[in-house]
$ cat protein-v5.pdb   # PDB, C-alpha atoms
ATOM      1  CA  MET A  25      69.525 -11.819  67.945
ATOM      2  CA  SER A  26      69.241 -13.499  71.305
ATOM      3  CA  GLY A  27      69.162 -17.247  71.152
ATOM      4  CA  GLY A  28      66.345 -19.657  70.541
ATOM      5  CA  ASP A  29      63.335 -17.634  71.663
ATOM      6  CA  TYR A  30      63.367 -15.511  68.528
ATOM      7  CA  ALA A  31      61.074 -16.727  65.818
ATOM      8  CA  TRP A  32      59.152 -15.427  62.836
ATOM      9  CA  PHE A  33      55.643 -16.560  62.218
ATOM     10  CA  ASP A  34      53.712 -16.040  59.000
ATOM     11  CA  GLU A  35      53.484 -12.311  58.214
ATOM     12  CA  ASP A  36      56.232 -11.444  60.694
ATOM     13  CA  ALA A  37      58.690 -12.787  58.188
ATOM     14  CA  GLY A  38      57.596 -10.094  55.733
ATOM     15  CA  PRO A  39      56.195 -10.485  52.258
ATOM     16  CA  LEU A  40      57.222 -13.524  50.277
ATOM     17  CA  ALA A  41      59.657 -11.564  48.169
ATOM     18  CA  ARG A  42      63.350 -11.201  48.146
ATOM     19  CA  PRO A  43      64.567  -7.937  49.658
ATOM     20  CA  TYR A  44      66.056  -6.677  46.463
ATOM     21  CA  THR A  45      69.354  -4.909  46.235
ATOM     22  CA  LEU A  46      68.189  -2.533  43.523
ATOM     23  CA  THR A  47      65.397  -1.256  45.673
ATOM     24  CA  ARG A  48      67.566  -1.026  48.773
ATOM     25  CA  GLY A  49      65.618  -3.750  50.412
ATOM     26  CA  ARG A  50      62.160  -2.366  49.775
ATOM     27  CA  THR A  51      59.759  -4.969  48.538
ATOM     28  CA  ARG A  52      56.519  -3.030  48.447
ATOM     29  CA  ALA A  53      55.675  -0.212  46.144
ATOM     30  CA  ALA A  54      55.311   2.731  48.484
ATOM     31  CA  ARG A  55      52.174   4.854  48.203
ATOM     32  CA  HIS A  56      51.060   3.729  44.770
ATOM     33  CA  GLU A  57      48.824   0.786  44.069
ATOM     34  CA  LEU A  58      50.372  -0.604  40.947
ATOM     35  CA  ASP A  59      48.813  -3.584  39.255
ATOM     36  CA  MET A  60      50.511  -5.595  36.500
ATOM     37  CA  ILE A  61      48.349  -3.834  33.934
ATOM     38  CA  THR A  62      48.548  -0.314  35.369
ATOM     39  CA  LEU A  63      49.653   1.976  32.550
ATOM     40  CA  VAL A  64      52.555   4.321  33.168
ATOM     41  CA  VAL A  65      54.303   6.942  31.024
ATOM     42  CA  ALA A  66      57.408   9.132  31.391
ATOM     43  CA  LEU A  67      56.618  12.811  31.933
ATOM     44  CA  ARG A  68      59.919  14.433  31.218
ATOM     45  CA  LEU A  69      63.460  13.736  30.251
ATOM     46  CA  HIS A  70      66.071  13.523  32.910
ATOM     47  CA  HIS A  71      69.577  14.896  32.862
ATOM     48  CA  ALA A  72      72.623  12.688  33.047
ATOM     49  CA  GLY A  73      73.486  11.753  36.590
ATOM     50  CA  GLU A  74      70.069  12.679  37.967
ATOM     51  CA  LEU A  75      68.962   9.098  38.309
ATOM     52  CA  ASP A  76      70.761   5.885  39.067
ATOM     53  CA  HIS A  77      71.082   3.281  36.382
ATOM     54  CA  ALA A  78      68.129   1.140  37.454
ATOM     55  CA  HIS A  79      65.681   4.053  37.474
ATOM     56  CA  GLU A  80      67.081   5.375  34.213
ATOM     57  CA  ARG A  81      66.576   2.000  32.613
ATOM     58  CA  ILE A  82      62.944   1.902  33.686
ATOM     59  CA  LEU A  83      62.202   5.482  32.637
ATOM     60  CA  GLY A  84      63.718   4.854  29.227
ATOM     61  CA  ARG A  85      61.136   2.145  28.570
ATOM     62  CA  CYS A  86      58.181   4.369  29.337
ATOM     63  CA  GLN A  87      58.322   7.018  26.611
ATOM     64  CA  ASN A  88      54.939   5.753  25.460
ATOM     65  CA  PRO A  89      52.174   4.509  27.766
ATOM     66  CA  ILE A  90      53.035   0.970  28.760
ATOM     67  CA  SER A  91      51.869  -1.528  31.367
ATOM     68  CA  VAL A  92      53.914  -2.352  34.460
ATOM     69  CA  ALA A  93      54.148  -5.980  33.286
ATOM     70  CA  GLU A  94      55.568  -4.910  29.918
ATOM     71  CA  VAL A  95      58.146  -2.674  31.603
ATOM     72  CA  ALA A  96      59.213  -5.598  33.796
ATOM     73  CA  ALA A  97      59.438  -7.992  30.844
ATOM     74  CA  GLY A  98      61.454  -5.507  28.776
ATOM     75  CA  ALA A  99      63.821  -4.575  31.586
ATOM     76  CA  ASP A 100      64.236  -8.234  32.521
ATOM     77  CA  LEU A 101      63.617  -7.483  36.185
ATOM     78  CA  PRO A 102      61.165  -9.121  38.586
ATOM     79  CA  LEU A 103      57.756  -7.465  38.795
ATOM     80  CA  GLY A 104      58.178  -6.574  42.468
ATOM     81  CA  VAL A 105      61.402  -4.676  41.789
ATOM     82  CA  VAL A 106      59.912  -2.800  38.856
ATOM     83  CA  LYS A 107      56.902  -1.752  40.918
ATOM     84  CA  VAL A 108      59.155  -0.207  43.559
ATOM     85  CA  LEU A 109      61.300   1.588  40.974
ATOM     86  CA  ILE A 110      58.238   2.910  39.135
ATOM     87  CA  SER A 111      56.772   4.062  42.416
ATOM     88  CA  ASP A 112      59.960   6.024  43.114
ATOM     89  CA  LEU A 113      59.768   7.648  39.689
ATOM     90  CA  ILE A 114      56.136   8.600  40.259
ATOM     91  CA  ASP A 115      57.034  10.112  43.636
ATOM     92  CA  ARG A 116      59.764  12.152  41.992
ATOM     93  CA  HIS A 117      57.410  13.299  39.211
ATOM     94  CA  TYR A 118      59.313  11.630  36.405
ATOM     95  CA  MET A 119      56.344   9.476  35.597
ATOM     96  CA  ILE A 120      52.579   9.338  35.912
ATOM     97  CA  PHE A 121      50.264   6.375  36.059
ATOM     98  CA  ARG A 122      46.669   5.848  35.071
ATOM     99  CA  SER A 123      44.809   6.513  38.272
ATOM    100  CA  GLY A 124      41.123   6.682  39.012
ATOM    101  CA  TRP A 125      40.441   3.189  37.798
ATOM    102  CA  ALA A 126      41.058   0.278  40.102
ATOM    103  CA  PRO A 127      41.409  -3.212  38.675
ATOM    104  CA  THR A 128      38.679  -4.298  41.068
ATOM    105  CA  THR A 129      36.109  -2.070  39.406
ATOM    106  CA  ALA A 130      33.786  -4.182  37.318
ATOM    107  CA  ALA A 131      33.863  -3.339  33.629
ATOM    108  CA  SER A 132      30.690  -1.665  32.370
ATOM    109  CA  PRO A 133      28.416  -3.369  29.805
ATOM    110  CA  ASP A 134      29.505  -0.706  27.336
ATOM    111  CA  THR A 135      33.181  -1.558  27.856
ATOM    112  CA  LEU A 136      32.514  -5.289  27.531
ATOM    113  CA  GLN A 137      30.660  -4.663  24.262
ATOM    114  CA  LYS A 138      33.641  -2.699  22.933
ATOM    115  CA  VAL A 139      36.006  -5.537  23.847
ATOM    116  CA  LEU A 140      33.695  -8.057  22.164
ATOM    117  CA  ASP A 141      33.472  -5.921  19.010
ATOM    118  CA  GLY A 142      37.253  -5.536  19.018
ATOM    119  CA  ILE A 143      37.828  -9.281  19.288
ATOM    120  CA  ARG A 144      35.363  -9.980  16.485
ATOM    121  CA  LYS A 145      37.318  -7.604  14.256
ATOM    122  CA  LEU A 146      40.643  -9.366  14.871
TER     123      LEU A 146
ATOM    124  CA  MET B  23      59.290   7.757  12.579
ATOM    125  CA  GLU B  24      60.123   8.929  16.035
ATOM    126  CA  PHE B  25      59.440   5.758  17.962
ATOM    127  CA  ALA B  26      59.680   2.407  16.278
ATOM    128  CA  SER B  27      57.346   0.945  18.875
ATOM    129  CA  SER B  28      54.490   3.331  18.138
ATOM    130  CA  ASP B  29      53.872   2.657  14.483
ATOM    131  CA  ARG B  30      50.296   1.551  15.059
ATOM    132  CA  PRO B  31      47.887   4.266  14.014
ATOM    133  CA  GLU B  32      46.019   4.014  17.292
ATOM    134  CA  SER B  33      48.636   3.985  20.013
ATOM    135  CA  PRO B  34      46.813   4.204  23.325
ATOM    136  CA  GLY B  35      47.204   7.209  25.579
ATOM    137  CA  ILE B  36      47.767   7.184  29.309
ATOM    138  CA  GLU B  37      44.019   7.627  29.778
ATOM    139  CA  ALA B  38      43.425   4.228  28.169
ATOM    140  CA  MET B  39      41.816   1.471  30.196
ATOM    141  CA  ALA B  40      43.780  -1.761  30.489
ATOM    142  CA  LEU B  41      41.852  -4.994  30.977
ATOM    143  CA  LYS B  42      42.959  -8.561  31.383
ATOM    144  CA  ILE B  43      41.768 -12.032  30.592
ATOM    145  CA  LEU B  44      43.498 -15.071  32.061
ATOM    146  CA  ILE B  45      44.449 -18.237  30.216
ATOM    147  CA  ALA B  46      44.724 -21.069  32.726
ATOM    148  CA  GLY B  47      45.264 -24.807  32.764
ATOM    149  CA  GLY B  48      47.839 -27.393  33.703
ATOM    150  CA  PHE B  49      51.538 -27.271  32.920
ATOM    151  CA  GLY B  50      52.307 -27.584  29.206
ATOM    152  CA  VAL B  51      48.680 -27.499  28.107
ATOM    153  CA  GLY B  52      49.192 -24.726  25.558
ATOM    154  CA  LYS B  53      48.581 -21.522  27.515
ATOM    155  CA  THR B  54      51.427 -19.527  26.003
ATOM    156  CA  THR B  55      50.613 -20.932  22.562
ATOM    157  CA  MET B  56      47.053 -19.673  22.918
ATOM    158  CA  VAL B  57      48.230 -16.244  24.114
ATOM    159  CA  GLY B  58      50.558 -16.037  21.110
ATOM    160  CA  SER B  59      47.874 -17.054  18.632
ATOM    161  CA  VAL B  60      45.982 -13.750  19.027
ATOM    162  CA  SER B  61      48.506 -11.381  20.600
ATOM    163  CA  GLU B  62      49.757  -8.470  18.507
ATOM    164  CA  ILE B  63      53.176  -8.900  20.119
ATOM    165  CA  GLU B  64      55.289 -11.989  20.691
ATOM    166  CA  PRO B  65      54.281 -13.238  24.139
ATOM    167  CA  LEU B  66      56.373 -11.509  26.795
ATOM    168  CA  ARG B  67      57.607 -13.099  29.966
ATOM    169  CA  THR B  68      57.699 -11.418  33.322
ATOM    170  CA  GLU B  69      58.992 -13.013  36.456
ATOM    171  CA  GLU B  70      58.540 -12.698  40.147
ATOM    172  CA  GLN B  71      61.025 -14.102  42.600
ATOM    173  CA  LEU B  72      59.987 -15.532  45.908
ATOM    174  CA  THR B  73      61.989 -16.441  48.889
ATOM    175  CA  GLU B  74      60.160 -19.026  50.913
ATOM    176  CA  ARG B  75      61.349 -19.938  54.335
ATOM    177  CA  GLY B  76      61.852 -23.640  54.392
ATOM    178  CA  ALA B  77      59.610 -25.494  56.821
ATOM    179  CA  ALA B  78      62.517 -27.438  58.247
ATOM    180  CA  VAL B  79      65.215 -25.765  60.312
ATOM    181  CA  ASP B  80      68.546 -27.452  60.534
ATOM    182  CA  ASP B  81      68.941 -28.342  64.199
ATOM    183  CA  VAL B  82      72.706 -28.494  64.099
ATOM    184  CA  THR B  83      73.473 -25.073  62.648
ATOM    185  CA  GLY B  84      70.233 -23.271  63.369
ATOM    186  CA  VAL B  85      70.419 -21.826  59.878
ATOM    187  CA  GLU B  86      67.053 -21.449  58.238
ATOM    188  CA  GLN B  87      66.726 -23.132  54.902
ATOM    189  CA  LYS B  88      65.513 -20.764  52.251
ATOM    190  CA  THR B  89      64.519 -21.549  48.740
ATOM    191  CA  THR B  90      64.181 -19.043  45.956
ATOM    192  CA  THR B  91      61.553 -19.783  43.398
ATOM    193  CA  THR B  92      60.916 -17.938  40.183
ATOM    194  CA  VAL B  93      57.355 -17.716  38.956
ATOM    195  CA  ALA B  94      57.089 -16.889  35.275
ATOM    196  CA  LEU B  95      54.084 -15.334  33.599
ATOM    197  CA  ASP B  96      53.689 -15.155  29.856
ATOM    198  CA  PHE B  97      51.399 -12.530  28.451
ATOM    199  CA  GLY B  98      50.281 -10.893  25.244
ATOM    200  CA  ARG B  99      48.398  -7.770  24.210
ATOM    201  CA  ILE B 100      45.509  -6.816  21.956
ATOM    202  CA  THR B 101      45.013  -3.097  21.393
ATOM    203  CA  ILE B 102      41.261  -2.754  20.948
ATOM    204  CA  SER B 103      41.306   1.021  20.477
ATOM    205  CA  ARG B 104      43.013   4.151  21.767
ATOM    206  CA  GLU B 105      40.935   3.765  24.904
ATOM    207  CA  LEU B 106      41.097   0.015  25.480
ATOM    208  CA  ILE B 107      43.953  -2.449  25.771
ATOM    209  CA  LEU B 108      43.353  -6.106  26.509
ATOM    210  CA  TYR B 109      46.111  -8.181  28.088
ATOM    211  CA  LEU B 110      46.059 -11.970  28.018
ATOM    212  CA  PHE B 111      47.936 -13.574  30.893
ATOM    213  CA  GLY B 112      48.895 -17.203  31.047
ATOM    214  CA  THR B 113      48.685 -18.309  34.676
ATOM    215  CA  PRO B 114      51.618 -20.126  36.280
ATOM    216  CA  GLY B 115      51.310 -23.834  35.551
ATOM    217  CA  GLN B 116      52.003 -24.942  39.089
ATOM    218  CA  ASP B 117      49.107 -24.764  41.496
ATOM    219  CA  ARG B 118      51.218 -23.778  44.459
ATOM    220  CA  PHE B 119      51.712 -20.213  43.311
ATOM    221  CA  TRP B 120      48.327 -19.200  44.599
ATOM    222  CA  PHE B 121      49.427 -15.742  45.658
ATOM    223  CA  MET B 122      50.270 -14.989  42.036
ATOM    224  CA  TRP B 123      46.844 -16.196  40.980
ATOM    225  CA  ASP B 124      45.291 -13.778  43.444
ATOM    226  CA  GLU B 125      46.910 -10.750  41.895
ATOM    227  CA  LEU B 126      46.174 -12.037  38.419
ATOM    228  CA  ALA B 127      42.522 -12.723  39.155
ATOM    229  CA  GLN B 128      41.944  -9.348  40.789
ATOM    230  CA  GLY B 129      39.928  -7.359  38.310
ATOM    231  CA  ALA B 130      40.225  -9.929  35.523
ATOM    232  CA  LEU B 131      37.282  -9.820  33.130
ATOM    233  CA  GLY B 132      37.240 -13.596  32.948
ATOM    234  CA  ALA B 133      39.279 -16.652  32.099
ATOM    235  CA  ILE B 134      39.753 -19.417  29.590
ATOM    236  CA  VAL B 135      40.612 -22.771  31.154
ATOM    237  CA  ILE B 136      42.399 -25.034  28.700
ATOM    238  CA  ALA B 137      41.645 -28.707  29.212
ATOM    239  CA  ASP B 138      43.733 -31.548  27.854
ATOM    240  CA  THR B 139      41.639 -34.723  27.579
ATOM    241  CA  ARG B 140      44.747 -36.879  28.140
ATOM    242  CA  ARG B 141      45.093 -35.432  31.625
ATOM    243  CA  LEU B 142      41.912 -33.688  32.624
ATOM    244  CA  PRO B 143      42.737 -33.453  36.354
ATOM    245  CA  SER B 144      45.479 -30.911  35.554
ATOM    246  CA  CYS B 145      42.840 -28.224  35.066
ATOM    247  CA  PHE B 146      40.753 -28.985  38.165
ATOM    248  CA  ALA B 147      42.694 -26.509  40.315
ATOM    249  CA  ALA B 148      42.041 -23.670  37.866
ATOM    250  CA  ILE B 149      38.321 -24.457  37.656
ATOM    251  CA  ASP B 150      38.027 -24.602  41.449
ATOM    252  CA  PHE B 151      39.858 -21.316  41.778
ATOM    253  CA  PHE B 152      37.662 -19.416  39.309
ATOM    254  CA  GLU B 153      34.468 -20.929  40.710
ATOM    255  CA  GLN B 154      35.417 -19.844  44.229
ATOM    256  CA  ARG B 155      36.439 -16.339  43.165
ATOM    257  CA  GLN B 156      33.384 -16.045  40.919
ATOM    258  CA  VAL B 157      35.551 -15.193  37.941
ATOM    259  CA  PRO B 158      33.520 -16.047  34.811
ATOM    260  CA  PHE B 159      35.271 -18.667  32.704
ATOM    261  CA  VAL B 160      34.866 -20.899  29.677
ATOM    262  CA  VAL B 161      36.587 -24.222  29.064
ATOM    263  CA  GLY B 162      38.546 -24.779  25.861
ATOM    264  CA  VAL B 163      39.234 -28.440  25.154
ATOM    265  CA  ASN B 164      42.521 -28.335  23.286
ATOM    266  CA  CYS B 165      42.521 -30.812  20.405
ATOM    267  CA  PHE B 166      46.181 -31.592  19.882
ATOM    268  CA  ASP B 167      47.136 -32.675  16.382
ATOM    269  CA  GLY B 168      43.563 -32.151  15.303
ATOM    270  CA  SER B 169      42.545 -35.219  17.250
ATOM    271  CA  GLN B 170      39.058 -35.103  18.661
ATOM    272  CA  ASP B 171      38.564 -38.048  20.928
ATOM    273  CA  TYR B 172      35.753 -36.584  22.987
ATOM    274  CA  GLU B 173      32.751 -34.369  22.492
ATOM    275  CA  ALA B 174      32.531 -31.124  24.450
ATOM    276  CA  ASP B 175      29.613 -32.489  26.482
ATOM    277  CA  GLU B 176      31.592 -35.552  27.534
ATOM    278  CA  VAL B 177      34.343 -33.271  28.801
ATOM    279  CA  ARG B 178      31.786 -31.100  30.582
ATOM    280  CA  ALA B 179      30.441 -34.149  32.385
ATOM    281  CA  ALA B 180      33.932 -35.269  33.347
ATOM    282  CA  LEU B 181      34.839 -31.804  34.641
ATOM    283  CA  ASP B 182      31.535 -31.406  36.466
ATOM    284  CA  VAL B 183      31.202 -27.703  35.634
ATOM    285  CA  ASP B 184      27.889 -25.861  35.760
ATOM    286  CA  GLN B 185      25.582 -26.268  32.799
ATOM    287  CA  PHE B 186      25.820 -22.574  31.877
ATOM    288  CA  VAL B 187      29.629 -22.628  31.613
ATOM    289  CA  PRO B 188      30.515 -22.887  27.910
ATOM    290  CA  VAL B 189      32.744 -25.867  27.013
ATOM    291  CA  ARG B 190      34.166 -25.717  23.475
ATOM    292  CA  LEU B 191      36.657 -27.703  21.455
ATOM    293  CA  CYS B 192      39.598 -25.556  20.365
ATOM    294  CA  ASP B 193      43.059 -25.528  18.851
ATOM    295  CA  ALA B 194      45.345 -23.291  20.892
ATOM    296  CA  ARG B 195      47.641 -22.751  17.903
ATOM    297  CA  LYS B 196      44.956 -21.270  15.659
ATOM    298  CA  ARG B 197      44.108 -17.610  15.760
ATOM    299  CA  GLN B 198      40.545 -18.170  14.541
ATOM    300  CA  SER B 199      39.918 -20.792  17.222
ATOM    301  CA  THR B 200      41.226 -18.557  20.034
ATOM    302  CA  LYS B 201      39.242 -15.647  18.648
ATOM    303  CA  GLU B 202      36.059 -17.738  18.818
ATOM    304  CA  LEU B 203      36.878 -18.817  22.363
ATOM    305  CA  LEU B 204      37.430 -15.196  23.426
ATOM    306  CA  THR B 205      34.144 -14.225  21.762
ATOM    307  CA  THR B 206      32.379 -17.020  23.661
ATOM    308  CA  LEU B 207      33.998 -15.830  26.894
ATOM    309  CA  LEU B 208      32.911 -12.204  26.394
ATOM    310  CA  GLU B 209      29.347 -13.284  25.584
ATOM    311  CA  HIS B 210      29.384 -15.484  28.680
ATOM    312  CA  ILE B 211      30.658 -12.632  30.894
ATOM    313  CA  MET B 212      27.891 -10.362  29.600
ATOM    314  CA  ALA B 213      25.268 -13.069  30.185
ATOM    315  CA  VAL B 214      26.546 -13.651  33.736
ATOM    316  CA  ASN B 215      26.358  -9.897  34.450
ATOM    317  CA  VAL B 216      22.786  -9.656  33.134
ATOM    318  CA  HIS B 217      21.815 -12.692  35.195
ATOM    319  CA  ALA B 218      23.398 -11.190  38.327
ATOM    320  CA  SER B 219      21.618  -7.859  37.868
ATOM    321  CA  LYS B 220      18.262  -9.663  37.513
ATOM    322  CA  ALA B 221      18.775 -11.871  40.533
ATOM    323  CA  PRO B 222      16.334 -11.119  43.348
ATOM    324  CA  ALA B 223      17.938  -9.084  46.100
ATOM    325  CA  GLY B 224      16.905 -11.230  49.033
ATOM    326  CA  PRO B 225      13.474 -12.344  50.231
TER     327      PRO B 225
END

$ encode --input "protein-v5.pdb" --output "structure tokens"
Amino acid sequence: MSGGDYAWFDEDAGPLARPYTLTRGRTRAARHELDMITLVVALRLHHAGELDHAHERILGRCQNPISVAEVAAGADLPLGVVKVLISDLIDRHYMIFRSGWAPTTAASPDTLQKVLDGIRKL
Amino acid sequence: MEFASSDRPESPGIEAMALKILIAGGFGVGKTTMVGSVSEIEPLRTEEQLTERGAAVDDVTGVEQKTTTTVALDFGRITISRELILYLFGTPGQDRFWFMWDELAQGALGAIVIADTRRLPSCFAAIDFFEQRQVPFVVGVNCFDGSQDYEADEVRAALDVDQFVPVRLCDARKRQSTKELLTTLLEHIMAVNVHASKAPAGP
């Protein structure tokens, strides 16, 4: 770094997240748009030594469909870290996620009615 | 039983749709309590860590001051059916974590804003946020200790929310009360959608 004329402004400084050790510095989930409520599930079992501890820990929590937020809460890791690790596991075909529905898609009247009926039955 | 965690008869599949509703309001207003009152699981906590570059740079050393902040989110879950899971997220109590609110609000069905009549201004930020993002919301006036010092309409006037936004008295600890508030919210969301679809599309 060469003296005082080097400066970061706004986005140049990168996302407002710590460059995590577990993710080797990556702070963004590569390739996959994972929301807090995106559902993920493990596809297959792995053999010992195939995965590092952090990935193993995440995969172990996803034997049943579970949201990204629940994985993060259970693994006691920050959301950003868990998103990167899950993204790795998806890339390596250990895991799939519920695609084809973006959280920005408005819920249909039919879906809203089902939610309302479900809440009334609580 | 193979998995202890899947003892519900209707465990959702990966094809299930996950939806979220936000529970907002000032710090300590009862957001997590409300989440817990209807959630089928004990509210879970997930955290995000931020490193913010300090605004001030130490002139002597040239070392940038960094602060690490942890933003905590509490959330619960209601499994509606094999196809539908509803998550309830309590928003961070501090207004400065706007970036977290953005991700939370993206795709949210709607929100409940909890108001505390002893310190109404603490929910102004949440109301402003949802109004600007056009996220449908209802206001729940939390009656602590069963005290009811104000009528819902008085609170509505003080909050200056639109006439069509439901304002209801509630008790964040009670399942039945939260259930009614969620029902009101869903009915409100559906009414807003119908209204929007009937709105004239320009001149």

$ closest_residue --input "protein-v5.pdb" --among "A:Arg81, A:Ile114, A:Val64, A:Leu136" --to "Ala93 of chain A" --atoms "only C-alpha atoms"
A:Val64

$ closest_residue --input "protein-v5.pdb" --among "B:Val177, B:Leu66, B:Val183, B:Val160" --to "chain A" --atoms "only C-alpha atoms"
B:Leu66

$ residues_around --input "protein-v5.pdb" --residues "Ile100 of chain B" --least-positions-apart "6" --cutoff "12 Å" --atoms "all atoms listed in the file" --output "mmCIF file with C-alpha atoms, in the coordinates of the input"
data_model
loop_
_atom_site.group_PDB
_atom_site.id
_atom_site.type_symbol
_atom_site.label_atom_id
_atom_site.label_comp_id
_atom_site.auth_asym_id
_atom_site.auth_seq_id
_atom_site.Cartn_x
_atom_site.Cartn_y
_atom_site.Cartn_z
ATOM 1 C CA VAL A 139 36.006 -5.537 23.847
ATOM 2 C CA LEU A 140 33.695 -8.057 22.164
ATOM 3 C CA GLY A 142 37.253 -5.536 19.018
ATOM 4 C CA ILE A 143 37.828 -9.281 19.288
ATOM 5 C CA ARG A 144 35.363 -9.980 16.485
ATOM 6 C CA LYS A 145 37.318 -7.604 14.256
ATOM 7 C CA LEU A 146 40.643 -9.366 14.871
ATOM 8 C CA ARG B 30 50.296 1.551 15.059
ATOM 9 C CA GLU B 32 46.019 4.014 17.292
ATOM 10 C CA SER B 33 48.636 3.985 20.013
ATOM 11 C CA PRO B 34 46.813 4.204 23.325
ATOM 12 C CA ALA B 40 43.780 -1.761 30.489
ATOM 13 C CA LEU B 41 41.852 -4.994 30.977
ATOM 14 C CA LYS B 42 42.959 -8.561 31.383
ATOM 15 C CA ILE B 43 41.768 -12.032 30.592
ATOM 16 C CA VAL B 57 48.230 -16.244 24.114
ATOM 17 C CA GLY B 58 50.558 -16.037 21.110
ATOM 18 C CA SER B 59 47.874 -17.054 18.632
ATOM 19 C CA VAL B 60 45.982 -13.750 19.027
ATOM 20 C CA SER B 61 48.506 -11.381 20.600
ATOM 21 C CA GLU B 62 49.757 -8.470 18.507
ATOM 22 C CA ILE B 63 53.176 -8.900 20.119
ATOM 23 C CA GLU B 64 55.289 -11.989 20.691
ATOM 24 C CA PRO B 65 54.281 -13.238 24.139
ATOM 25 C CA LEU B 106 41.097 0.015 25.480
ATOM 26 C CA ILE B 107 43.953 -2.449 25.771
ATOM 27 C CA LEU B 108 43.353 -6.106 26.509
ATOM 28 C CA TYR B 109 46.111 -8.181 28.088
ATOM 29 C CA LEU B 110 46.059 -11.970 28.018
ATOM 30 C CA PHE B 111 47.936 -13.574 30.893
ATOM 31 C CA LYS B 201 39.242 -15.647 18.648
ATOM 32 C CA LEU B 204 37.430 -15.196 23.426
#

$ atom_distance --input "protein-v5.pdb" --atom1 "atom CA of Ala194 of chain B" --atom2 "atom CA of Val51 of chain B"
9.0 Å

$ closest_residue --input "protein-v5.pdb" --among "A:Met119, A:Val106, A:Leu83, A:Ala97" --to "chain B" --atoms "only C-alpha atoms"
A:Ala97

$ residues_around --input "protein-v5.pdb" --residues "segment 208-215 of chain B" --least-positions-apart "3" --cutoff "12 Å" --atoms "only C-alpha atoms" --output "ChimeraX atom specification"
/A:130-144 /B:42-43,130-134,156-161,186-189,201-205,218-221

$ atom_distance --input "protein-v5.pdb" --atom1 "atom CA of Ala38 of chain B" --atom2 "atom CA of Met60 of chain A"
14.7 Å

$ closest_residue --input "protein-v5.pdb" --among "A:His56, A:Thr47, A:Leu113, A:Leu69" --to "Leu101 of chain A" --atoms "all atoms listed in the file"
A:Thr47

$ resolve_selection --input "protein-v5.pdb" --expression "the ChimeraX specification (/A :<6) & /B" --output "number ranges by chain"
B: 36, 67-70, 72-73, 102, 129, 208

$ residues_around --input "protein-v5.pdb" --residues "Ala180 of chain B" --least-positions-apart "2" --cutoff "12 Å" --atoms "all atoms listed in the file" --output "list of chain:residue names"
B:Ala137, B:Asp138, B:Thr139, B:Arg141, B:Leu142, B:Pro143, B:Cys145, B:Phe146, B:Val163, B:Tyr172, B:Glu173, B:Ala174, B:Asp175, B:Glu176, B:Val177, B:Arg178, B:Asp182, B:Val183, B:Asp184, B:Val189

$ write_last_selection --input "protein-v5.pdb" --atoms "C-alpha atoms" --output "mmCIF file, keeping the file's coordinate frame"
data_model
loop_
_atom_site.group_PDB
_atom_site.id
_atom_site.type_symbol
_atom_site.label_atom_id
_atom_site.label_comp_id
_atom_site.auth_asym_id
_atom_site.auth_seq_id
_atom_site.Cartn_x
_atom_site.Cartn_y
_atom_site.Cartn_z
ATOM 1 C CA ALA B 137 41.645 -28.707 29.212
ATOM 2 C CA ASP B 138 43.733 -31.548 27.854
ATOM 3 C CA THR B 139 41.639 -34.723 27.579
ATOM 4 C CA ARG B 141 45.093 -35.432 31.625
ATOM 5 C CA LEU B 142 41.912 -33.688 32.624
ATOM 6 C CA PRO B 143 42.737 -33.453 36.354
ATOM 7 C CA CYS B 145 42.840 -28.224 35.066
ATOM 8 C CA PHE B 146 40.753 -28.985 38.165
ATOM 9 C CA VAL B 163 39.234 -28.440 25.154
ATOM 10 C CA TYR B 172 35.753 -36.584 22.987
ATOM 11 C CA GLU B 173 32.751 -34.369 22.492
ATOM 12 C CA ALA B 174 32.531 -31.124 24.450
ATOM 13 C CA ASP B 175 29.613 -32.489 26.482
ATOM 14 C CA GLU B 176 31.592 -35.552 27.534
ATOM 15 C CA VAL B 177 34.343 -33.271 28.801
ATOM 16 C CA ARG B 178 31.786 -31.100 30.582
ATOM 17 C CA ASP B 182 31.535 -31.406 36.466
ATOM 18 C CA VAL B 183 31.202 -27.703 35.634
ATOM 19 C CA ASP B 184 27.889 -25.861 35.760
ATOM 20 C CA VAL B 189 32.744 -25.867 27.013
#

$ residues_around --input "protein-v5.pdb" --residues "Lys196 of chain B" --least-positions-apart "3" --cutoff "8 Å" --atoms "all atoms listed in the file" --output "ChimeraX atom specification"
/B:56,59,193,199-200

$ axis_aligned_box --input "protein-v5.pdb" --around "segment 115-121 of chain A" --padding-each-side "5 Å" --output "JSON"
{"center_x": 55.0, "center_y": 9.8, "center_z": 39.6, "size_x": 19.5, "size_y": 16.9, "size_z": 18.0}

$ atom_distance --input "protein-v5.pdb" --atom1 "atom CA of His79 of chain A" --atom2 "atom CA of Ile110 of chain A"
7.7 Å

$ resolve_selection --input "protein-v5.pdb" --expression "the PyMOL selection byres ((chain B and resi 46) around 6)" --output "VMD selection string"
chain B and resid 45 47 112 to 113 135
